[in-house]
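A short write-up of the structure that comes next.
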Amino acid sequence: MPHLLQLVLILAFPALMIVAALRDCSTFTIPNWISLALLGLFPLAAFAVGLPLPAIGLALLLGVGGLLVGMGMFAAGWIGGGDAKILAAATPWLGLAALGPFLVVTAVAGGGLAVFLLFMRSGQISPLLAQGPTWLARLATRGENVPYGVAIAVGALSAFPASDIAQRVLVGF
């Protein structure tokens, strides 16, 4: 398979994660098409870079685990449904090699996001942000949700270079 096609397929992951983060930040929703696109493109990218079938199977199994964890977090009220789906859709791309860094960075980014939103929603800052774009004013509104998809995207993007799928492309350069 041409190297350029491999690169295009691989770059779909970071592009879609960035779109998911931006959509979550601006609308507090992550459209289903993003998670579905990630799930649909993963096997194509995995085959394009020559990932062995057992590794693909393990990655998909990790995705099921990510879905179960995400569903549990959603049921507990910690994250939204779109966050749970994007977590599950990102996990196969990262695989076992990058799973640890993904989870750690996502947790740290989530904590940082929470602190940042508390600052934004403070009595001194939120009135200033209310004059800005609607999405920014909504982010600064007390009691509003936390767009945790942003933290998931930060974790996924930081861990992606360590994934088996990315390593197979990076080694080729």
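Convention: chains lettered A, B, ... in structure tokens order; per-chain residue numbering from 1; ligands numbered from 1 as shown.
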Polymer residues at most 12 Å from A:Phe116, only C-alpha atoms, same-chain spacing of 4 or more positions, as a ChimeraX atom specification: /A:109-112,120-122,125-126,139-140,146-147,151
Go through stretch 47-135 of chain A residue by residue and, counting only C-alpha atoms, keep those with an atom at most 10 Å from stretch 11-15 of chain A; for each kept residue give the shortest atom pair and its distance in Å to one decimal, ordered by chain and increasing number, as CSV.
residue,atom,partner,partner_atom,distance
A:Ala89,CA,A:Phe13,CA,9.9
A:Ala90,CA,A:Phe13,CA,8.0
A:Trp93,CA,A:Phe13,CA,7.6
A:Leu94,CA,A:Phe13,CA,9.8
Per-residue nearest contacts of stretch 111-167 of chain A to stretch 45-63 of chain A (10 Å; only C-alpha atoms) as JSON lines:
{"residue": "A:Asp164", "atom": "CA", "partner": "A:Leu51", "partner_atom": "CA", "distance": 7.8}
{"residue": "A:Ile165", "atom": "CA", "partner": "A:Ala46", "partner_atom": "CA", "distance": 6.4}
{"residue": "A:Ala166", "atom": "CA", "partner": "A:Val49", "partner_atom": "CA", "distance": 8.6}
{"residue": "A:Gln167", "atom": "CA", "partner": "A:Val49", "partner_atom": "CA", "distance": 9.4}
Near A:Thr134, counting only C-alpha atoms, which residues have an atom at most 12 Å away, once you skip same-chain residues fewer than 4 positions from it, shown as a PyMOL selection string? chain A and resi 25-27+129-130+138-141
If you measure from atom CA of A:Leu103 to atom CA of A:Pro31, what distance in Å do you get, rounded to one decimal?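 Atom-to-atom, atom CA of A:Leu103 to atom CA of A:Pro31, that is 22.1 Å.
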In stretch 11-172 of chain A, what's alpha helix (DSSP H) per DSSP? Answer as a ChimeraX atom specification? /A:11-27,32-48,53-75,81-120,126-129,134-139,149-159,164-172
With a distance cut-off of 9 Å and only C-alpha atoms, select the neighbouring residues of A:Ile79, excluding the residue or stretch itself and same-chain residues fewer than 2 positions from it, and output the selection as a ChimeraX atom specification. /A:70-71,73-77,81-84,145-149
Grab the residues selected above and save them as a PDB file, in the first residue's frame with C-alpha atoms.
ATOM      1  CA  GLY A  70     -17.095   4.771  29.623  1.00  0.00           C
ATOM      2  CA  MET A  71     -20.589   3.402  30.243  1.00  0.00           C
ATOM      3  CA  MET A  73     -18.481   6.582  34.115  1.00  0.00           C
ATOM      4  CA  PHE A  74     -21.579   7.793  32.275  1.00  0.00           C
ATOM      5  CA  ALA A  75     -23.866   5.857  34.627  1.00  0.00           C
ATOM      6  CA  ALA A  76     -22.063   7.437  37.591  1.00  0.00           C
ATOM      7  CA  GLY A  77     -22.637  10.883  36.069  1.00  0.00           C
ATOM      8  CA  GLY A  81     -22.570   9.862  26.601  1.00  0.00           C
ATOM      9  CA  GLY A  82     -20.480  11.381  23.809  1.00  0.00           C
ATOM     10  CA  ASP A  83     -17.427  11.287  26.063  1.00  0.00           C
ATOM     11  CA  ALA A  84     -18.007   7.583  26.745  1.00  0.00           C
ATOM     12  CA  ASN A 145     -21.212  20.572  32.341  1.00  0.00           C
ATOM     13  CA  VAL A 146     -17.519  19.852  31.852  1.00  0.00           C
ATOM     14  CA  PRO A 147     -16.547  19.068  28.245  1.00  0.00           C
ATOM     15  CA  TYR A 148     -14.499  16.016  29.240  1.00  0.00           C
ATOM     16  CA  GLY A 149     -14.023  15.127  25.580  1.00  0.00           C
TER      17      GLY A 149
END
Can you work out the spacing between atom CA of A:Gly66 and atom CA of A:Leu22 in Å, to one decimal? 21.4 Å
A:Ala88, A:Leu67, A:Leu5, A:Ile10 ranked by distance to A:Arg168, top pick (using only C-alpha atoms): A:Ile10
A:Met17, A:Lys85, A:Pro133, A:Pro101: which is nearest A:Leu68, counting only C-alpha atoms? A:Lys85
